[in-house]
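Colleague: Before I ask anything, here is the structure I am working with.
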Amino acid sequence: MTNVATEKNHVFALVMTALTAAVFCVAGPISIPIGPVPISLMTLVLYISVYAIGYRYAVVACVLYLLLGLAGLPVFSGFQGGIGKLAGPTGGYLIGYLPMLVIGGIGIVIAQKKKAPSHGVILTRVLEAVGLVIATVALYALGTAWFVISTGTPVGASLALCVIPFIPGDIAKIVIAVVVGPRVRHVYK
């Protein structure tokens with residue numbers, strides 16, 4: 001009986017991982033071009049995926065998404081795909097999704113472990129948000145470093161183009177993820 005339950009859980013996890021990769025493929029191309037880095041909902045979808053299926057499965061789903069894009073499917077912003085997009089100036093942000101998921105996921109796990117009646121839900125959500133902020137900083141750092149190296153643009157100008165315009169939106173996405181994510185996780189479980 002235990003083996004059947006374990007197998008069902010494993011199959012469910014694999015199905016949810018594949019579905020999450022499909023959601024990434026749908027969300028990824030939808031973007032608003034405002035400069036070298038477009039505005040998209042991808043970071044929000046990534047944040048919520050960590051809550052929904054856990055960061056390990058979210059990383060696997062993201063690897064699938066990146067491999068599909070690498071193979072040429074138009075799953076990246078602007079309905080683009082291929083090695084040129086991953087190796088191009090904004091490729092560091094795409095690759096940066098992976099450490100962002102790991103860091104954000106570990107932050108959420110730590111916040112959940114700290115959860116106690118004395119801390120309350122609000123403190124847990126604040127700790128989760130801090131984890132997602134740190135994860136987003138890692139994404140910014142990797143993506144911007146890649147942009148600087150691939151374009152030769154100075155760091156200050158790169159930050160002005162690729163980071164500063166996105167900070168308010170990413171803060172809003174983190175707030176949304178911290179509110180919606182636990183509800184999504186509850187539905188999945």
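Here, A, B, ... name the chains of the structure tokens in the order displayed, residue numbers run from 1 inside each chain, and ligands are numbered from 1 in the same displayed order.
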List the spatial neighbours of A:Ala129 as an MDAnalysis selection string - criterion: any atom at most 7 Å away, only C-alpha atoms, same-chain residues fewer than 3 positions off excluded.

Modeller: chainID A and resid 125:126 132:133 174 178

Colleague: With N, CA, C and O atoms kept, could you save the residues just selected as a short mmCIF file (atom, residue, chain, number, x, y, z; two decimals), in the first residue's frame?

Modeller:
```cif
data_model
loop_
_atom_site.label_atom_id
_atom_site.label_comp_id
_atom_site.auth_asym_id
_atom_site.auth_seq_id
_atom_site.Cartn_x
_atom_site.Cartn_y
_atom_site.Cartn_z
N ARG A 125 5.23 35.44 6.41
CA ARG A 125 5.12 36.04 5.08
C ARG A 125 6.24 37.07 4.84
O ARG A 125 6.78 37.17 3.74
N VAL A 126 6.58 37.83 5.86
CA VAL A 126 7.67 38.80 5.73
C VAL A 126 8.98 38.08 5.47
O VAL A 126 9.76 38.48 4.59
N LEU A 132 12.47 35.99 -1.18
CA LEU A 132 12.22 36.27 -2.60
C LEU A 132 12.97 37.53 -3.05
O LEU A 132 13.42 37.61 -4.20
N VAL A 133 13.12 38.50 -2.16
CA VAL A 133 13.90 39.70 -2.51
C VAL A 133 15.36 39.31 -2.74
O VAL A 133 15.98 39.73 -3.73
N ILE A 174 6.41 40.21 -5.78
CA ILE A 174 6.76 39.49 -4.54
C ILE A 174 5.60 39.56 -3.56
O ILE A 174 5.24 38.54 -2.95
N VAL A 178 3.60 36.28 -2.23
CA VAL A 178 3.54 35.94 -0.81
C VAL A 178 2.10 35.80 -0.34
O VAL A 178 1.80 35.00 0.55
#
```

Colleague: Can you list, as a list in words, all residues belonging to chain A that DSSP tags as strand (DSSP E or B)?

Modeller: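 DSSP on the backbone gives strand (DSSP E or B) at Ser31, Ile32, Ile39, Ser40, Phe76 and Gln80 of chain A.
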
Colleague: Would you mind writing down, as an MDAnalysis selection string, each residue of chain A that DSSP on the backbone assigns to helix (DSSP H, G or I)?

Modeller: chainID A and resid 2:27 42:53 55:70 77:79 83:87 91:114 120:151 155:162 164:188

Colleague: I'd like the contact shell of A:Thr153 - 12 Å cut-off, only C-alpha atoms, skipping same-chain residues fewer than 6 positions apart - returned as a list of chain:residue names.

Modeller: A:Pro36, A:Pro89, A:Thr144, A:Ala145, A:Trp146, A:Phe147, A:Leu159, A:Ala160, A:Leu161, A:Cys162

Colleague: Do you know which residues are at most 9 Å from stretch 51-60 of chain A counting only C-alpha atoms, after dropping those on the same chain fewer than 4 positions away, and could you put them as a PDB file with N, CA, C and O atoms, in the first residue's frame?

Modeller:
```pdb
ATOM      1  N   ALA A  13       3.827  14.486  -8.789  1.00  0.00           N
ATOM      2  CA  ALA A  13       4.898  15.489  -8.819  1.00  0.00           C
ATOM      3  C   ALA A  13       5.432  15.675 -10.235  1.00  0.00           C
ATOM      4  O   ALA A  13       5.674  16.809 -10.674  1.00  0.00           O
ATOM      5  N   LEU A  14       5.606  14.589 -10.969  1.00  0.00           N
ATOM      6  CA  LEU A  14       6.090  14.685 -12.351  1.00  0.00           C
ATOM      7  C   LEU A  14       5.083  15.405 -13.240  1.00  0.00           C
ATOM      8  O   LEU A  14       5.459  16.249 -14.062  1.00  0.00           O
ATOM      9  N   MET A  16       2.812  17.581 -12.250  1.00  0.00           N
ATOM     10  CA  MET A  16       2.781  18.991 -11.855  1.00  0.00           C
ATOM     11  C   MET A  16       4.021  19.733 -12.366  1.00  0.00           C
ATOM     12  O   MET A  16       3.933  20.896 -12.761  1.00  0.00           O
ATOM     13  N   THR A  17       5.155  19.057 -12.391  1.00  0.00           N
ATOM     14  CA  THR A  17       6.375  19.663 -12.924  1.00  0.00           C
ATOM     15  C   THR A  17       6.211  19.948 -14.410  1.00  0.00           C
ATOM     16  O   THR A  17       6.548  21.039 -14.888  1.00  0.00           O
ATOM     17  N   ALA A  18       5.676  18.994 -15.152  1.00  0.00           N
ATOM     18  CA  ALA A  18       5.448  19.192 -16.587  1.00  0.00           C
ATOM     19  C   ALA A  18       4.434  20.304 -16.833  1.00  0.00           C
ATOM     20  O   ALA A  18       4.619  21.139 -17.732  1.00  0.00           O
ATOM     21  N   THR A  20       3.822  22.801 -14.854  1.00  0.00           N
ATOM     22  CA  THR A  20       4.474  24.060 -14.498  1.00  0.00           C
ATOM     23  C   THR A  20       5.390  24.518 -15.628  1.00  0.00           C
ATOM     24  O   THR A  20       5.419  25.705 -15.970  1.00  0.00           O
ATOM     25  N   ALA A  21       6.124  23.598 -16.239  1.00  0.00           N
ATOM     26  CA  ALA A  21       6.962  23.953 -17.394  1.00  0.00           C
ATOM     27  C   ALA A  21       6.091  24.500 -18.525  1.00  0.00           C
ATOM     28  O   ALA A  21       6.467  25.471 -19.195  1.00  0.00           O
ATOM     29  N   LEU A  46       7.292  32.322 -11.663  1.00  0.00           N
ATOM     30  CA  LEU A  46       8.358  31.557 -11.018  1.00  0.00           C
ATOM     31  C   LEU A  46       8.213  31.572  -9.498  1.00  0.00           C
ATOM     32  O   LEU A  46       8.352  30.535  -8.847  1.00  0.00           O
ATOM     33  N   TYR A  47       7.949  32.749  -8.934  1.00  0.00           N
ATOM     34  CA  TYR A  47       7.761  32.836  -7.479  1.00  0.00           C
ATOM     35  C   TYR A  47       6.636  31.903  -7.028  1.00  0.00           C
ATOM     36  O   TYR A  47       6.779  31.165  -6.056  1.00  0.00           O
ATOM     37  N   LEU A  64      13.411  22.471 -17.990  1.00  0.00           N
ATOM     38  CA  LEU A  64      12.643  22.035 -19.165  1.00  0.00           C
ATOM     39  C   LEU A  64      12.281  23.226 -20.051  1.00  0.00           C
ATOM     40  O   LEU A  64      12.421  23.169 -21.275  1.00  0.00           O
ATOM     41  N   TYR A  65      11.814  24.292 -19.426  1.00  0.00           N
ATOM     42  CA  TYR A  65      11.462  25.524 -20.147  1.00  0.00           C
ATOM     43  C   TYR A  65      12.667  26.060 -20.920  1.00  0.00           C
ATOM     44  O   TYR A  65      12.575  26.379 -22.105  1.00  0.00           O
ATOM     45  N   TYR A  97      17.114  32.586 -13.668  1.00  0.00           N
ATOM     46  CA  TYR A  97      15.895  32.039 -13.058  1.00  0.00           C
ATOM     47  C   TYR A  97      16.217  30.856 -12.144  1.00  0.00           C
ATOM     48  O   TYR A  97      15.556  30.650 -11.137  1.00  0.00           O
ATOM     49  N   LEU A  98      17.222  30.070 -12.522  1.00  0.00           N
ATOM     50  CA  LEU A  98      17.534  28.856 -11.749  1.00  0.00           C
ATOM     51  C   LEU A  98      18.028  29.177 -10.338  1.00  0.00           C
ATOM     52  O   LEU A  98      17.450  28.680  -9.367  1.00  0.00           O
ATOM     53  N   PRO A  99      19.072  30.013 -10.184  1.00  0.00           N
ATOM     54  CA  PRO A  99      19.461  30.340  -8.809  1.00  0.00           C
ATOM     55  C   PRO A  99      18.377  31.127  -8.080  1.00  0.00           C
ATOM     56  O   PRO A  99      18.226  30.996  -6.857  1.00  0.00           O
ATOM     57  N   LEU A 101      15.168  30.615  -8.262  1.00  0.00           N
ATOM     58  CA  LEU A 101      14.244  29.612  -7.732  1.00  0.00           C
ATOM     59  C   LEU A 101      14.817  28.919  -6.502  1.00  0.00           C
ATOM     60  O   LEU A 101      14.113  28.712  -5.513  1.00  0.00           O
ATOM     61  N   VAL A 102      16.088  28.560  -6.561  1.00  0.00           N
ATOM     62  CA  VAL A 102      16.714  27.861  -5.438  1.00  0.00           C
ATOM     63  C   VAL A 102      16.766  28.770  -4.207  1.00  0.00           C
ATOM     64  O   VAL A 102      16.349  28.375  -3.112  1.00  0.00           O
ATOM     65  N   ILE A 103      17.259  29.980  -4.383  1.00  0.00           N
ATOM     66  CA  ILE A 103      17.384  30.902  -3.249  1.00  0.00           C
ATOM     67  C   ILE A 103      16.012  31.257  -2.682  1.00  0.00           C
ATOM     68  O   ILE A 103      15.805  31.226  -1.468  1.00  0.00           O
ATOM     69  N   GLY A 104      15.076  31.579  -3.566  1.00  0.00           N
ATOM     70  CA  GLY A 104      13.720  31.899  -3.105  1.00  0.00           C
ATOM     71  C   GLY A 104      13.065  30.716  -2.415  1.00  0.00           C
ATOM     72  O   GLY A 104      12.407  30.867  -1.385  1.00  0.00           O
ATOM     73  N   GLY A 105      13.259  29.538  -2.970  1.00  0.00           N
ATOM     74  CA  GLY A 105      12.676  28.337  -2.379  1.00  0.00           C
ATOM     75  C   GLY A 105      13.256  28.023  -1.015  1.00  0.00           C
ATOM     76  O   GLY A 105      12.523  27.697  -0.075  1.00  0.00           O
ATOM     77  N   ILE A 106      14.564  28.158  -0.889  1.00  0.00           N
ATOM     78  CA  ILE A 106      15.192  27.921   0.417  1.00  0.00           C
ATOM     79  C   ILE A 106      14.704  28.965   1.420  1.00  0.00           C
ATOM     80  O   ILE A 106      14.431  28.643   2.579  1.00  0.00           O
ATOM     81  N   ILE A 108      11.807  30.423   1.457  1.00  0.00           N
ATOM     82  CA  ILE A 108      10.434  30.063   1.838  1.00  0.00           C
ATOM     83  C   ILE A 108      10.440  28.876   2.798  1.00  0.00           C
ATOM     84  O   ILE A 108       9.706  28.865   3.788  1.00  0.00           O
ATOM     85  N   VAL A 109      11.280  27.886   2.524  1.00  0.00           N
ATOM     86  CA  VAL A 109      11.373  26.724   3.415  1.00  0.00           C
ATOM     87  C   VAL A 109      11.827  27.161   4.812  1.00  0.00           C
ATOM     88  O   VAL A 109      11.254  26.742   5.822  1.00  0.00           O
ATOM     89  N   ALA A 177       2.958  37.228  -4.802  1.00  0.00           N
ATOM     90  CA  ALA A 177       3.358  35.826  -4.608  1.00  0.00           C
ATOM     91  C   ALA A 177       3.235  35.406  -3.154  1.00  0.00           C
ATOM     92  O   ALA A 177       2.786  34.290  -2.858  1.00  0.00           O
ATOM     93  N   VAL A 178       3.600  36.279  -2.229  1.00  0.00           N
ATOM     94  CA  VAL A 178       3.542  35.944  -0.809  1.00  0.00           C
ATOM     95  C   VAL A 178       2.096  35.803  -0.340  1.00  0.00           C
ATOM     96  O   VAL A 178       1.802  35.005   0.545  1.00  0.00           O
ATOM     97  N   VAL A 180      -0.617  35.070  -2.597  1.00  0.00           N
ATOM     98  CA  VAL A 180      -1.280  34.036  -3.399  1.00  0.00           C
ATOM     99  C   VAL A 180      -0.589  32.673  -3.275  1.00  0.00           C
ATOM    100  O   VAL A 180      -1.258  31.637  -3.262  1.00  0.00           O
ATOM    101  N   GLY A 181       0.731  32.676  -3.174  1.00  0.00           N
ATOM    102  CA  GLY A 181       1.502  31.427  -3.157  1.00  0.00           C
ATOM    103  C   GLY A 181       1.051  30.409  -2.131  1.00  0.00           C
ATOM    104  O   GLY A 181       0.837  29.243  -2.473  1.00  0.00           O
ATOM    105  N   PRO A 182       0.885  30.808  -0.857  1.00  0.00           N
ATOM    106  CA  PRO A 182       0.439  29.816   0.129  1.00  0.00           C
ATOM    107  C   PRO A 182      -0.943  29.239  -0.190  1.00  0.00           C
ATOM    108  O   PRO A 182      -1.199  28.068   0.085  1.00  0.00           O
ATOM    109  N   ARG A 183      -1.802  30.023  -0.791  1.00  0.00           N
ATOM    110  CA  ARG A 183      -3.131  29.517  -1.176  1.00  0.00           C
ATOM    111  C   ARG A 183      -3.006  28.512  -2.307  1.00  0.00           C
ATOM    112  O   ARG A 183      -3.701  27.494  -2.318  1.00  0.00           O
ATOM    113  N   VAL A 184      -2.133  28.805  -3.255  1.00  0.00           N
ATOM    114  CA  VAL A 184      -1.900  27.873  -4.364  1.00  0.00           C
ATOM    115  C   VAL A 184      -1.309  26.569  -3.823  1.00  0.00           C
ATOM    116  O   VAL A 184      -1.739  25.485  -4.223  1.00  0.00           O
ATOM    117  N   ARG A 185      -0.352  26.669  -2.911  1.00  0.00           N
ATOM    118  CA  ARG A 185       0.231  25.472  -2.306  1.00  0.00           C
ATOM    119  C   ARG A 185      -0.840  24.648  -1.599  1.00  0.00           C
ATOM    120  O   ARG A 185      -0.863  23.424  -1.724  1.00  0.00           O
ATOM    121  N   HIS A 186      -1.723  25.315  -0.903  1.00  0.00           N
ATOM    122  CA  HIS A 186      -2.810  24.613  -0.194  1.00  0.00           C
ATOM    123  C   HIS A 186      -3.693  23.851  -1.180  1.00  0.00           C
ATOM    124  O   HIS A 186      -4.081  22.699  -0.926  1.00  0.00           O
ATOM    125  N   VAL A 187      -4.006  24.454  -2.310  1.00  0.00           N
ATOM    126  CA  VAL A 187      -4.832  23.798  -3.338  1.00  0.00           C
ATOM    127  C   VAL A 187      -4.103  22.579  -3.906  1.00  0.00           C
ATOM    128  O   VAL A 187      -4.699  21.525  -4.077  1.00  0.00           O
ATOM    129  N   TYR A 188      -2.810  22.699  -4.172  1.00  0.00           N
ATOM    130  CA  TYR A 188      -2.038  21.601  -4.734  1.00  0.00           C
ATOM    131  C   TYR A 188      -1.940  20.443  -3.758  1.00  0.00           C
ATOM    132  O   TYR A 188      -1.929  19.293  -4.156  1.00  0.00           O
ATOM    133  N   LYS A 189      -1.795  20.760  -2.467  1.00  0.00           N
ATOM    134  CA  LYS A 189      -1.629  19.689  -1.487  1.00  0.00           C
ATOM    135  C   LYS A 189      -2.970  19.071  -1.166  1.00  0.00           C
ATOM    136  O   LYS A 189      -3.103  17.971  -0.779  1.00  0.00           O
TER     137      LYS A 189
END
```

Colleague: Distance atom CA of A:Leu127-atom CA of A:Leu19, one decimal place?

Modeller: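 Taking atom CA of A:Leu127 as the start and atom CA of A:Leu19 as the end point, the length is 27.8 Å.
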
Colleague: Show which residues sit within 12 Å of A:Ile83, as a ChimeraX atom specification. Count only C-alpha atoms, and ignore same-chain residues fewer than 6 positions away.

Modeller: /A:66-74,76,89-91,94

Colleague: For atom CA of A:Ala111 and atom CA of A:Ile176, determine how far apart the two atoms are, in Å to one decimal place.

Modeller: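 Between atom CA of A:Ala111 and atom CA of A:Ile176 the gap works out to 16.8 Å.
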